[in-house]
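Novice: A single structure is presented below for examination.
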Amino acid sequence: MADSRFFTANGPFTLEHILAVTGATPGADLVDPQRSFIDVKPLEAAGPEDVAFLENRKYVDAFARTQAGAAFVSADLADRAPAGLIPLICERPRRAFVALAQAFYPTERPAPAIDETARIDPSAEIGKDVTIEPHAVIGPRAEIGDRAWIGPGVMIDAGTVIGADTSIGANAYIGYSIVGERVQIQPGAQIGRPGFGFERDDQGPLKLPHIGRVIIGDDVEIGCNTTVDRGNSGDTTIGAGTMIDNLVMIAHNVTIGKGCTIVSQVGIAGSSKIGDYSILAGQVGVANHVTIGKGVILAAKSGVASDIPDGAVMGGSPAVPIREWRRQIAIQKAQGRGSKGESKR
Amino acid sequence: MADSRFFTANGPFTLEHILAVTGATPGADLVDPQRSFIDVKPLEAAGPEDVAFLENRKYVDAFARTQAGAAFVSADLADRAPAGLIPLICERPRRAFVALAQAFYPTERPAPAIDETARIDPSAEIGKDVTIEPHAVIGPRAEIGDRAWIGPGVMIDAGTVIGADTSIGANAYIGYSIVGERVQIQPGAQIGRPGFGFERDDQGPLKLPHIGRVIIGDDVEIGCNTTVDRGNSGDTTIGAGTMIDNLVMIAHNVTIGKGCTIVSQVGIAGSSKIGDYSILAGQVGVANHVTIGKGVILAAKSGVASDIPDGAVMGGSPAVPIREWRRQIAIQKAQGRGSKGESKR
Amino acid sequence: MADSRFFTANGPFTLEHILAVTGATPGADLVDPQRSFIDVKPLEAAGPEDVAFLENRKYVDAFARTQAGAAFVSADLADRAPAGLIPLICERPRRAFVALAQAFYPTERPAPAIDETARIDPSAEIGKDVTIEPHAVIGPRAEIGDRAWIGPGVMIDAGTVIGADTSIGANAYIGYSIVGERVQIQPGAQIGRPGFGFERDDQGPLKLPHIGRVIIGDDVEIGCNTTVDRGNSGDTTIGAGTMIDNLVMIAHNVTIGKGCTIVSQVGIAGSSKIGDYSILAGQVGVANHVTIGKGVILAAKSGVASDIPDGAVMGGSPAVPIREWRRQIAIQKAQGRGSKGESKR
């Protein structure tokens with residue numbers, strides 16, 4: 001059970017209520033629809049008052065041994081349930097489990113209020129039921145959507161649009177940006193500053209005015225201390241549903257598709273494009289003016305300096321197809337052990 | 001044209017005005033000095049009311065096809081202009097273009113004002129026409145130069161000196177530092193905290209007092225969420241005109257020369273030296289106590305653990321001369337494909 | 001001598017006082033216990049009024065040549081002192097030197113005060129002699145230990161516990177956390193936000209509620225702009241005395257032992273474990289669900305995707321034992337030079 005210092009658990013919930021919340025159906029005769037459950041837990045940790053789930057066949061053994069009182073499971077695996085467990089049949093057990101977890105632990109949000117220490121320009125438009133925490137600054141002509149949450153110390157710069165139900169974490173900066181709905185931006189993110197798009201000649205650096213924007217789609221998440229620069233002309237764009245982790249760098253004029261996963265400490269240089277549903281693992285680096293296709297997967301620490309076609313799975317620096325990368329690694333390891341390679345002769 | 005939510009474009013400008021601003025001369029008979037232009041754009045995007053430029057011969061074809069109404073170009077390439085384009089002759093077309101872009105889109109700066117919510121120690125010295133945004137904190141004996149801009153939530157710690165015309169982005173921390181003129185520090189940068197310069201013995205970590213400073217030259221830029229530690233004894237120094245991108249780590253007692261370019265997510269460990277005009281591409285790592293010469297170029301993701309002479313172009317980890325690195329990569333790729341290398345023979 | 005703009009040096013100190021502070025004994029007849037010293041300096045920089053130290057035999061030559069007036073040294077090396085230097089005999093010369101440095105340059109801390117612009121929830125518990133700087137926000141039921149220092153613009157979220165003598169740097173966020181005593185958290189650190197622990201199915205991302213915490217032991221240091229995510233269920237934990245540098249990423253449910261050293265820009269993915277006293281050099285990446293043993297050393301830029309036993313010294317990506325890594329590098333370099341490897345045969 002979560003620490004009650006920080007989390008307020010709802011419940012207990014009756015089986016009847018759990019079925020109603022998740023759309024599951026009982027896989028055996030439902031002896032007692034009023035039987036109550038107090039928490040959600042993984043198969044190995046769950047007890048008789050907890051609800052677990054099985055989605056991946058790899059965990060069938062753990063399922064067969066679980067002490068959970070009930071578990072979400074697909075119809076074809078329900079017969080692997082141990083005696084005493086109530087199978088809750090559904091097509092997507094993980095999704096049902098998450099729905100129940102969210103019912104037990106709903107996102108806590110204080111009643112909407114605008115703190116008196118926030119500095120809000122009179123020309124800003126503030127929607128309904130907005131929360132603005134202490135010491136936030138809302139610039140001229142900014143627009144804050146309904147039910148948005150603006151954290152303490154945040155700066156929303158002039159003209160910036162924040163969509164409905166979006167939250168902006170403590171001490172973030174958002175400027176020159178159009179941000180969608182239900183977006184979550186974590187503390188310390190810096191969004192919309194001018195890019196590093198200068199050029200040098202022999203008289204020194206030449207700074208072009210950065211007159212582009214940042215466009216962030218609906219349901220995007222941006223992690224703590226991540227930075228997203230605005231375009232120098234044209235925009236930096238992040239597609240709907242894309243998840244970006246902490247300490248990521250997105251440079252000016254980058255285009256990221258929808259549904260992408262960008263793991264911590266990735267850096268994407270100016271004007272590169274990432275196709276929909278691509279996954280960039282931790283510490284990947286992408287050079288400027290590179291086009292990465294849709295559904296591409298890049299292993300951690302990959303370095304990318306040339307275009308990658310749709311669906312490719314790549315690794316290494318410079319990145320190569322995963323099979324080639326594995327062979328590179330095998331040879332490199334063998335050389336290090338002296339078992340093959342140059343020491344062989 | 002830039003989004004008017006965020007940017008106010010000056011203009012339109014007459015050809016006469018454009019020539020005055022940039023020092024260019026018309027490359028053909030100037031039929032109408034009052035002809036007006038509304039924006040600057042790249043060759044491919046420009047239309048009859050826009051001004052473009054050609055500097056790199058590589059783009060001569062784009063120049064010959066451009067729809068731009070006018071373009072900056074050097075005298076020897078002016079004859080490649082398409083019919084209808086007015087060549088604006090100058091020695092440095094890119095520099096002229098940037099000057100015109102800055103005339104169209106001048107840096108917007110509100111009228112100087114000190115927000116009543118800022119906390120300014122009575123012993124601090126505040127110059128003329130300074131802006132201090134809401135919730136900033138200026139410590140004892142700090143000195144803020146004329147026309148400086150101190151963003152919201154910034155902390156300028158005790159004794160720190162900020163030069164004239166310097167700007168400090170939202171929620172940055174600057175302490176134990178002497179910062180030059182016309183410096184731009186972006187939001188979330190943390191400058192002048194004690195370095196990670198402890199030592200351990202078997203009784204645990206030994207923390208030496210960090211009694212050095214950070215010295216930042218004129219015209220330096222420091223990106224969002226970048227960190228610069230102060231020296232433990234002696235100083236961390238960044239030379240004039242050096243450009244540092246986002247999420248860079250500069251450790252205690254590092255010396256960076258003038259005119260350097262340090263791209264995002266680079267890390268430079270304690271006491272290392274980077275010579276003037278060197279370029280470190282993204283995610284480069286430099287170990288401690290390393291000396292890198294002047295005019296060195298390091299490819300992205302390079303790892304440097306030993307000294308590098310002036311003018312070297314290096315890549316790889318550990319970094320080697322670029323030619324050797326390219327050969328390493330070619331062999332590695334061939335091995336991965338199984339086409340050459342040890343697995344073949 | 002440190003810049004008096006920023007640092008107030010105590011002293012001068014008499015030899016008698018120096019011996020009392022450090023427990024050292026004079027290695028020669030103490031001609032004048034009232035002889036005074038003004039500073040601590042390294043062997044090469046010290047003059048007749050400075051105190052230096054020798055611990056590592058590697059520096060015996062520097063010791064023999066130093067101009068220092070006195071130096072801490074172990075009994076067996078004292079006879080290498082140059083004429084005129086007063087050897088100060090002790091078992092741990094570096095530790096004595098640090099103690100004296102701290103006596104010259106004690107950590108300056110203003111008199112405790114709670115700034116009137118701080119927003120403190122009435123239900124928060126504030127200990128004795130706490131400092132809360134301007135514009136900080138202390139949430140409901142938070143507990144701030146005695147003599148803690150809460151920097152400007154900091155947010156301490158609901159329920160979070162900050163131990164005695166702990167300091168939290170400017171604009172940091174700390175939530176869902178139990179923080180020990182004498183912890184130092186630097187500006188811009190973001191501690192306790194939900195991890196990147198979602199899963200996707202074909203209907204999009206599935207966000208499990210993150211109902212875990214962050215537990216930080218005593219005497220931990222966390223660098224500028226570092227991020228530590230809370231557990232999704234269960235906790236993220238950092239053991240006592242562990243030192244974490246700037247721009248490090250610690251993901252959800254990571255366990256770091258005590259006395260570890262985690263250098264800048266390291267990333268540790270979800271649920272991985274780092275044993276006590278391990279050292280991860282700069283830009284190391286650790287994949288998720290990896291267990292690293294005690295006393296492990298990982299060279300800079302290492303990539304770790306599988307478990308590592310206690311005491312291993314590793315390098316490379318993927319990481320291998322250091323001896324193998326050195327051989328890999330030697331082969332790679334030789335191949336790049338064309339002197340050996342595939343091009344030779």
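Residue numbering restarts at 1 for every chain of the structure tokens, chains are lettered A, B, ... in their displayed order, and ligands are numbered from 1 as they appear.
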Give me, as number ranges by chain, the residues of chain B touching chain C, with the criterion being at most 6 Å (counting only C-alpha atoms).
Specialist: B: 159, 176, 208, 211, 324-325, 327-328, 341
Novice: Please identify all polymer residues within 9 Å of Arg230 (chain C), counting only C-alpha atoms, omitting same-chain residues fewer than 5 positions from it, and present them as an NGL selection string.
Specialist: :C and (175-177 or 191-195 or 210-215 or 235-237 or 251-254)
Novice: Would you write out those residues with C-alpha atoms, as a CSV table (one decimal), in the first residue's frame?
Specialist:
chain,number,residue,atom,x,y,z
C,175,GLY,CA,8.3,15.9,-3.4
C,176,TYR,CA,7.1,12.5,-2.3
C,177,SER,CA,10.5,12.2,-0.5
C,191,ILE,CA,13.4,15.1,-6.9
C,192,GLY,CA,10.3,12.9,-6.7
C,193,ARG,CA,8.4,13.4,-9.9
C,194,PRO,CA,6.7,10.4,-11.4
C,195,GLY,CA,9.0,8.1,-13.4
C,210,HIS,CA,3.3,6.4,-9.5
C,211,ILE,CA,2.7,5.6,-5.8
C,212,GLY,CA,6.3,5.2,-4.6
C,213,ARG,CA,8.6,7.6,-2.9
C,214,VAL,CA,12.2,8.8,-2.9
C,215,ILE,CA,14.3,7.9,0.2
C,235,ASP,CA,10.8,3.4,-3.6
C,236,THR,CA,13.8,5.0,-5.3
C,237,THR,CA,16.5,5.0,-2.7
C,251,ALA,CA,15.0,6.7,-12.7
C,252,HIS,CA,12.1,5.2,-10.8
C,253,ASN,CA,12.8,2.4,-8.4
C,254,VAL,CA,16.5,2.7,-8.7
Novice: Within region 141-258 of chain C, find each residue whose DSSP state, derived from the backbone, is strand (DSSP E), and express the selection as a ChimeraX atom specification.
Specialist: /C:143-144,149-150,155-156,161-162,167-168,173-174,177-179,184-185,190-194,199-201,204-206,214-216,221-222,227-230,236-238,243-244,249-250,255-256
Novice: Find the residues near Ile156 (chain A): any atom within 9 Å, counting only C-alpha atoms, skip ones fewer than 5 places away on the same chain, and give them as a list in words.
Specialist: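 Listed by chain and then number, they are Ala136, Val137, Ile138, Gly139, Ala142, Ile150, Val161, Ile162, Ala172, Tyr173, Ile174 and Gly175 of chain A.
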Novice: Go ahead and save the residues from that selection, with N, CA and C atoms, as a JSON list (two decimals), in the first residue's frame.
Specialist:
[["chain", "number", "residue", "atom", "x", "y", "z"],
["A", 136, "ALA", "N", 4.15, 32.21, -9.74],
["A", 136, "ALA", "CA", 4.16, 32.02, -11.19],
["A", 136, "ALA", "C", 4.01, 33.37, -11.87],
["A", 137, "VAL", "N", 4.49, 33.44, -13.12],
["A", 137, "VAL", "CA", 4.41, 34.68, -13.90],
["A", 137, "VAL", "C", 3.74, 34.35, -15.23],
["A", 138, "ILE", "N", 2.67, 35.05, -15.53],
["A", 138, "ILE", "CA", 1.96, 34.83, -16.80],
["A", 138, "ILE", "C", 2.08, 36.11, -17.61],
["A", 139, "GLY", "N", 2.70, 36.03, -18.78],
["A", 139, "GLY", "CA", 3.02, 37.22, -19.56],
["A", 139, "GLY", "C", 1.84, 37.76, -20.36],
["A", 142, "ALA", "N", -0.82, 35.85, -23.00],
["A", 142, "ALA", "CA", -0.80, 34.39, -22.84],
["A", 142, "ALA", "C", -2.22, 33.89, -22.66],
["A", 150, "ILE", "N", -0.76, 25.53, -13.31],
["A", 150, "ILE", "CA", 0.52, 26.21, -13.53],
["A", 150, "ILE", "C", 1.26, 26.22, -12.20],
["A", 161, "VAL", "N", 0.32, 29.82, -25.55],
["A", 161, "VAL", "CA", -0.99, 29.21, -25.37],
["A", 161, "VAL", "C", -0.81, 27.87, -24.65],
["A", 162, "ILE", "N", -1.51, 27.69, -23.55],
["A", 162, "ILE", "CA", -1.48, 26.44, -22.78],
["A", 162, "ILE", "C", -2.87, 25.82, -22.89],
["A", 172, "ALA", "N", 9.33, 25.73, -14.39],
["A", 172, "ALA", "CA", 9.52, 25.57, -15.83],
["A", 172, "ALA", "C", 9.36, 26.93, -16.52],
["A", 173, "TYR", "N", 9.97, 27.04, -17.70],
["A", 173, "TYR", "CA", 9.77, 28.20, -18.57],
["A", 173, "TYR", "C", 9.11, 27.72, -19.86],
["A", 174, "ILE", "N", 8.02, 28.40, -20.25],
["A", 174, "ILE", "CA", 7.39, 28.07, -21.54],
["A", 174, "ILE", "C", 7.16, 29.37, -22.28],
["A", 175, "GLY", "N", 7.74, 29.49, -23.46],
["A", 175, "GLY", "CA", 7.56, 30.72, -24.23],
["A", 175, "GLY", "C", 7.52, 30.42, -25.72]]
Novice: Skipping near chain neighbours, those fewer than 2 positions away, what residues fall within 8 Å of Ala164 (chain A) using only C-alpha atoms, listed as a VMD selection string?
Specialist: chain A and resid 144 to 148 162 166 180 to 182
Novice: May I have the residues from that selection written out with C-alpha atoms, as a PDB file, in the first residue's frame?
Specialist:
ATOM      1  CA  ILE A 144      -4.300  29.431 -20.204  1.00  0.00           C
ATOM      2  CA  GLY A 145      -6.880  26.721 -20.970  1.00  0.00           C
ATOM      3  CA  ASP A 146      -9.594  25.455 -18.659  1.00  0.00           C
ATOM      4  CA  ARG A 147      -8.504  23.364 -15.698  1.00  0.00           C
ATOM      5  CA  ALA A 148      -4.822  23.921 -16.465  1.00  0.00           C
ATOM      6  CA  ILE A 162      -1.483  26.438 -22.785  1.00  0.00           C
ATOM      7  CA  THR A 166      -2.406  20.774 -19.162  1.00  0.00           C
ATOM      8  CA  GLY A 180      -1.952  21.210 -26.567  1.00  0.00           C
ATOM      9  CA  GLU A 181      -4.430  19.690 -24.126  1.00  0.00           C
ATOM     10  CA  ARG A 182      -3.689  17.213 -21.317  1.00  0.00           C
TER      11      ARG A 182
END
Novice: Just the number, please: distance in Å from CA of Thr255 (chain B) to CA of Arg65 (chain C), one decimal.
Specialist: 26.8 Å
Novice: Please return as a list in words: the residues of region 199-328 of chain C that backbone DSSP assigns to helix (DSSP H, G or I).
Specialist: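 Here are the helix (DSSP H, G or I) residues of region 199-328 of chain C: Ile322, Arg323, Glu324, Trp325, Arg326, Arg327 and Gln328 of chain C.
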Novice: In Å, rounded to a single decimal, give me how far CA of Asp32 (chain A) is from CA of Asp61 (chain A).
Specialist: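 These two atoms are separated by 26.7 Å.
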Novice: Glu44 (chain A): which residues within 10 Å, counting only C-alpha atoms, same-chain residues fewer than 5 positions away excluded, as a list in words?
Specialist: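 Contacts, with the query itself left out: Ala52, Ala62, Phe63, Arg65, Thr66, Gln67 and Ala68 of chain A.
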Novice: For the selection you just gave me, I'd like the residues written to a file as a PDB file, in the first residue's frame, keeping N, CA and C atoms.
Specialist:
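Printed below is part.pdb as written:
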ATOM      1  N   ALA A  52      -4.301  -8.368  -9.055  1.00  0.00           N
ATOM      2  CA  ALA A  52      -3.099  -8.379  -9.889  1.00  0.00           C
ATOM      3  C   ALA A  52      -3.515  -8.529 -11.362  1.00  0.00           C
ATOM      4  N   ALA A  62       4.307 -17.316 -12.497  1.00  0.00           N
ATOM      5  CA  ALA A  62       4.038 -16.421 -11.369  1.00  0.00           C
ATOM      6  C   ALA A  62       2.527 -16.328 -11.124  1.00  0.00           C
ATOM      7  N   PHE A  63       1.775 -16.345 -12.196  1.00  0.00           N
ATOM      8  CA  PHE A  63       0.311 -16.306 -12.094  1.00  0.00           C
ATOM      9  C   PHE A  63      -0.186 -17.553 -11.344  1.00  0.00           C
ATOM     10  N   ARG A  65       1.209 -19.211  -9.192  1.00  0.00           N
ATOM     11  CA  ARG A  65       1.632 -19.249  -7.787  1.00  0.00           C
ATOM     12  C   ARG A  65       1.139 -18.056  -6.973  1.00  0.00           C
ATOM     13  N   THR A  66       0.479 -17.101  -7.615  1.00  0.00           N
ATOM     14  CA  THR A  66       0.179 -15.850  -6.916  1.00  0.00           C
ATOM     15  C   THR A  66      -0.775 -16.048  -5.735  1.00  0.00           C
ATOM     16  N   GLN A  67      -0.616 -15.193  -4.737  1.00  0.00           N
ATOM     17  CA  GLN A  67      -1.528 -15.184  -3.583  1.00  0.00           C
ATOM     18  C   GLN A  67      -2.656 -14.169  -3.774  1.00  0.00           C
ATOM     19  N   ALA A  68      -2.689 -13.514  -4.941  1.00  0.00           N
ATOM     20  CA  ALA A  68      -3.688 -12.473  -5.176  1.00  0.00           C
ATOM     21  C   ALA A  68      -5.095 -13.034  -5.034  1.00  0.00           C
TER      22      ALA A  68
END
Novice: Interatomic distance between CA of Ile268 (chain B) and CA of Asp307 (chain B)?
Specialist: 13.2 Å
Novice: Name all residues at most 12 Å from Arg80 (chain A) (count only C-alpha atoms; drop same-chain ones fewer than 3 positions away) and give them as an mmCIF file with all heavy atoms, in the first residue's frame.
Specialist:
data_model
loop_
_atom_site.group_PDB
_atom_site.id
_atom_site.type_symbol
_atom_site.label_atom_id
_atom_site.label_comp_id
_atom_site.auth_asym_id
_atom_site.auth_seq_id
_atom_site.Cartn_x
_atom_site.Cartn_y
_atom_site.Cartn_z
ATOM 1 N N GLY A 27 -14.457 -14.845 -14.291
ATOM 2 C CA GLY A 27 -14.156 -16.074 -15.022
ATOM 3 C C GLY A 27 -14.660 -17.320 -14.336
ATOM 4 O O GLY A 27 -14.501 -18.426 -14.834
ATOM 5 N N LEU A 54 -2.284 -10.614 -15.346
ATOM 6 C CA LEU A 54 -1.373 -11.389 -16.203
ATOM 7 C C LEU A 54 -1.627 -10.978 -17.643
ATOM 8 O O LEU A 54 -2.745 -11.140 -18.142
ATOM 9 C CB LEU A 54 -1.632 -12.894 -16.057
ATOM 10 C CG LEU A 54 -0.867 -13.769 -17.083
ATOM 11 C CD1 LEU A 54 0.632 -13.732 -16.810
ATOM 12 C CD2 LEU A 54 -1.372 -15.203 -17.070
ATOM 13 N N ARG A 57 2.623 -13.927 -21.397
ATOM 14 C CA ARG A 57 2.671 -15.377 -21.124
ATOM 15 C C ARG A 57 3.919 -15.776 -20.336
ATOM 16 O O ARG A 57 3.926 -16.803 -19.662
ATOM 17 C CB ARG A 57 2.702 -16.160 -22.448
ATOM 18 C CG ARG A 57 1.353 -16.367 -23.042
ATOM 19 C CD ARG A 57 1.403 -16.914 -24.457
ATOM 20 N NE ARG A 57 0.024 -17.038 -24.928
ATOM 21 C CZ ARG A 57 -0.738 -18.093 -24.648
ATOM 22 N NH1 ARG A 57 -0.278 -19.107 -23.950
ATOM 23 N NH2 ARG A 57 -1.979 -18.131 -25.101
ATOM 24 N N TYR A 59 4.892 -14.724 -17.732
ATOM 25 C CA TYR A 59 4.652 -14.715 -16.286
ATOM 26 C C TYR A 59 3.568 -15.696 -15.857
ATOM 27 O O TYR A 59 3.011 -15.585 -14.760
ATOM 28 C CB TYR A 59 4.299 -13.301 -15.821
ATOM 29 C CG TYR A 59 5.412 -12.317 -16.127
ATOM 30 C CD1 TYR A 59 5.225 -11.280 -17.035
ATOM 31 C CD2 TYR A 59 6.675 -12.464 -15.535
ATOM 32 C CE1 TYR A 59 6.258 -10.407 -17.328
ATOM 33 C CE2 TYR A 59 7.703 -11.593 -15.828
ATOM 34 C CZ TYR A 59 7.491 -10.567 -16.729
ATOM 35 O OH TYR A 59 8.516 -9.699 -17.023
ATOM 36 N N VAL A 60 3.264 -16.694 -16.704
ATOM 37 C CA VAL A 60 2.210 -17.667 -16.372
ATOM 38 C C VAL A 60 2.548 -18.417 -15.083
ATOM 39 O O VAL A 60 1.666 -18.681 -14.256
ATOM 40 C CB VAL A 60 1.975 -18.642 -17.553
ATOM 41 C CG1 VAL A 60 1.250 -19.894 -17.087
ATOM 42 C CG2 VAL A 60 1.176 -17.948 -18.648
ATOM 43 N N ASP A 61 3.822 -18.727 -14.888
ATOM 44 C CA ASP A 61 4.201 -19.433 -13.656
ATOM 45 C C ASP A 61 3.948 -18.587 -12.413
ATOM 46 O O ASP A 61 3.431 -19.079 -11.403
ATOM 47 C CB ASP A 61 5.681 -19.849 -13.696
ATOM 48 C CG ASP A 61 5.899 -21.000 -14.669
ATOM 49 O OD1 ASP A 61 4.898 -21.581 -15.149
ATOM 50 O OD2 ASP A 61 7.077 -21.297 -14.955
ATOM 51 N N ALA A 62 4.307 -17.316 -12.497
ATOM 52 C CA ALA A 62 4.038 -16.421 -11.369
ATOM 53 C C ALA A 62 2.527 -16.328 -11.124
ATOM 54 O O ALA A 62 2.067 -16.268 -9.968
ATOM 55 C CB ALA A 62 4.615 -15.031 -11.645
ATOM 56 N N PHE A 63 1.775 -16.345 -12.196
ATOM 57 C CA PHE A 63 0.311 -16.306 -12.094
ATOM 58 C C PHE A 63 -0.186 -17.553 -11.344
ATOM 59 O O PHE A 63 -1.002 -17.463 -10.426
ATOM 60 C CB PHE A 63 -0.271 -16.245 -13.507
ATOM 61 C CG PHE A 63 -1.769 -16.174 -13.588
ATOM 62 C CD1 PHE A 63 -2.482 -15.133 -12.988
ATOM 63 C CD2 PHE A 63 -2.492 -17.150 -14.282
ATOM 64 C CE1 PHE A 63 -3.879 -15.068 -13.093
ATOM 65 C CE2 PHE A 63 -3.872 -17.081 -14.391
ATOM 66 C CZ PHE A 63 -4.574 -16.041 -13.783
ATOM 67 N N ALA A 64 0.353 -18.692 -11.707
ATOM 68 C CA ALA A 64 -0.096 -19.952 -11.117
ATOM 69 C C ALA A 64 0.238 -20.025 -9.618
ATOM 70 O O ALA A 64 -0.380 -20.793 -8.878
ATOM 71 C CB ALA A 64 0.540 -21.133 -11.858
ATOM 72 N N ARG A 65 1.209 -19.211 -9.192
ATOM 73 C CA ARG A 65 1.632 -19.249 -7.787
ATOM 74 C C ARG A 65 1.139 -18.056 -6.973
ATOM 75 O O ARG A 65 1.404 -17.961 -5.773
ATOM 76 C CB ARG A 65 3.170 -19.226 -7.717
ATOM 77 C CG ARG A 65 3.875 -20.503 -8.107
ATOM 78 C CD ARG A 65 5.345 -20.423 -7.702
ATOM 79 N NE ARG A 65 5.972 -19.184 -8.145
ATOM 80 C CZ ARG A 65 6.660 -19.055 -9.276
ATOM 81 N NH1 ARG A 65 6.844 -20.095 -10.075
ATOM 82 N NH2 ARG A 65 7.189 -17.900 -9.604
ATOM 83 N N THR A 66 0.479 -17.101 -7.615
ATOM 84 C CA THR A 66 0.179 -15.850 -6.916
ATOM 85 C C THR A 66 -0.775 -16.048 -5.735
ATOM 86 O O THR A 66 -1.624 -16.941 -5.751
ATOM 87 C CB THR A 66 -0.407 -14.799 -7.878
ATOM 88 O OG1 THR A 66 -0.559 -13.565 -7.171
ATOM 89 C CG2 THR A 66 -1.776 -15.213 -8.408
ATOM 90 N N ALA A 71 -7.377 -11.474 -10.276
ATOM 91 C CA ALA A 71 -6.417 -10.980 -11.263
ATOM 92 C C ALA A 71 -7.087 -10.845 -12.621
ATOM 93 O O ALA A 71 -7.883 -11.702 -13.022
ATOM 94 C CB ALA A 71 -5.206 -11.913 -11.368
ATOM 95 N N VAL A 73 -7.072 -11.230 -16.489
ATOM 96 C CA VAL A 73 -6.405 -12.227 -17.326
ATOM 97 C C VAL A 73 -7.254 -12.429 -18.584
ATOM 98 O O VAL A 73 -8.464 -12.216 -18.559
ATOM 99 C CB VAL A 73 -6.198 -13.555 -16.538
ATOM 100 C CG1 VAL A 73 -7.539 -14.154 -16.105
ATOM 101 C CG2 VAL A 73 -5.382 -14.563 -17.322
ATOM 102 N N SER A 74 -6.603 -12.801 -19.672
ATOM 103 C CA SER A 74 -7.377 -13.085 -20.881
ATOM 104 C C SER A 74 -8.027 -14.466 -20.762
ATOM 105 O O SER A 74 -7.580 -15.330 -20.000
ATOM 106 C CB SER A 74 -6.465 -13.020 -22.106
ATOM 107 O OG SER A 74 -5.392 -13.911 -21.937
ATOM 108 N N ALA A 75 -9.084 -14.690 -21.527
ATOM 109 C CA ALA A 75 -9.895 -15.913 -21.401
ATOM 110 C C ALA A 75 -9.044 -17.167 -21.583
ATOM 111 O O ALA A 75 -9.205 -18.163 -20.860
ATOM 112 C CB ALA A 75 -11.041 -15.881 -22.418
ATOM 113 N N ASP A 76 -8.102 -17.120 -22.517
ATOM 114 C CA ASP A 76 -7.344 -18.341 -22.829
ATOM 115 C C ASP A 76 -6.335 -18.725 -21.756
ATOM 116 O O ASP A 76 -5.820 -19.843 -21.766
ATOM 117 C CB ASP A 76 -6.636 -18.176 -24.178
ATOM 118 C CG ASP A 76 -5.698 -16.982 -24.183
ATOM 119 O OD1 ASP A 76 -6.033 -15.950 -23.562
ATOM 120 O OD2 ASP A 76 -4.621 -17.068 -24.794
ATOM 121 N N LEU A 77 -6.034 -17.802 -20.849
ATOM 122 C CA LEU A 77 -5.062 -18.137 -19.790
ATOM 123 C C LEU A 77 -5.733 -18.300 -18.418
ATOM 124 O O LEU A 77 -5.064 -18.633 -17.433
ATOM 125 C CB LEU A 77 -3.988 -17.051 -19.699
ATOM 126 C CG LEU A 77 -3.056 -16.965 -20.920
ATOM 127 C CD1 LEU A 77 -2.154 -15.732 -20.813
ATOM 128 C CD2 LEU A 77 -2.195 -18.232 -21.051
ATOM 129 N N ALA A 83 -5.964 -22.144 -7.328
ATOM 130 C CA ALA A 83 -7.210 -22.279 -6.566
ATOM 131 C C ALA A 83 -7.388 -21.047 -5.686
ATOM 132 O O ALA A 83 -6.432 -20.540 -5.100
ATOM 133 C CB ALA A 83 -7.145 -23.541 -5.703
ATOM 134 N N GLY A 84 -8.606 -20.568 -5.619
ATOM 135 C CA GLY A 84 -8.882 -19.431 -4.739
ATOM 136 C C GLY A 84 -8.790 -18.086 -5.407
ATOM 137 O O GLY A 84 -9.311 -17.099 -4.904
ATOM 138 N N LEU A 85 -8.115 -17.990 -6.572
ATOM 139 C CA LEU A 85 -8.036 -16.707 -7.276
ATOM 140 C C LEU A 85 -9.260 -16.534 -8.175
ATOM 141 O O LEU A 85 -9.658 -17.466 -8.870
ATOM 142 C CB LEU A 85 -6.756 -16.649 -8.111
ATOM 143 C CG LEU A 85 -6.575 -15.358 -8.914
ATOM 144 C CD1 LEU A 85 -5.125 -14.890 -8.871
ATOM 145 C CD2 LEU A 85 -7.013 -15.502 -10.379
ATOM 146 N N ILE A 86 -9.820 -15.353 -8.123
ATOM 147 C CA ILE A 86 -10.953 -15.055 -9.014
ATOM 148 C C ILE A 86 -10.414 -14.460 -10.302
ATOM 149 O O ILE A 86 -9.876 -13.346 -10.297
ATOM 150 C CB ILE A 86 -11.920 -14.052 -8.356
ATOM 151 C CG1 ILE A 86 -12.406 -14.602 -7.011
ATOM 152 C CG2 ILE A 86 -13.085 -13.751 -9.288
ATOM 153 C CD1 ILE A 86 -13.185 -13.587 -6.193
ATOM 154 N N PRO A 87 -10.514 -15.163 -11.428
ATOM 155 C CA PRO A 87 -10.052 -14.577 -12.696
ATOM 156 C C PRO A 87 -11.042 -13.515 -13.162
ATOM 157 O O PRO A 87 -12.259 -13.740 -13.126
ATOM 158 C CB PRO A 87 -10.030 -15.765 -13.664
ATOM 159 C CG PRO A 87 -10.389 -16.975 -12.860
ATOM 160 C CD PRO A 87 -11.057 -16.520 -11.610
#
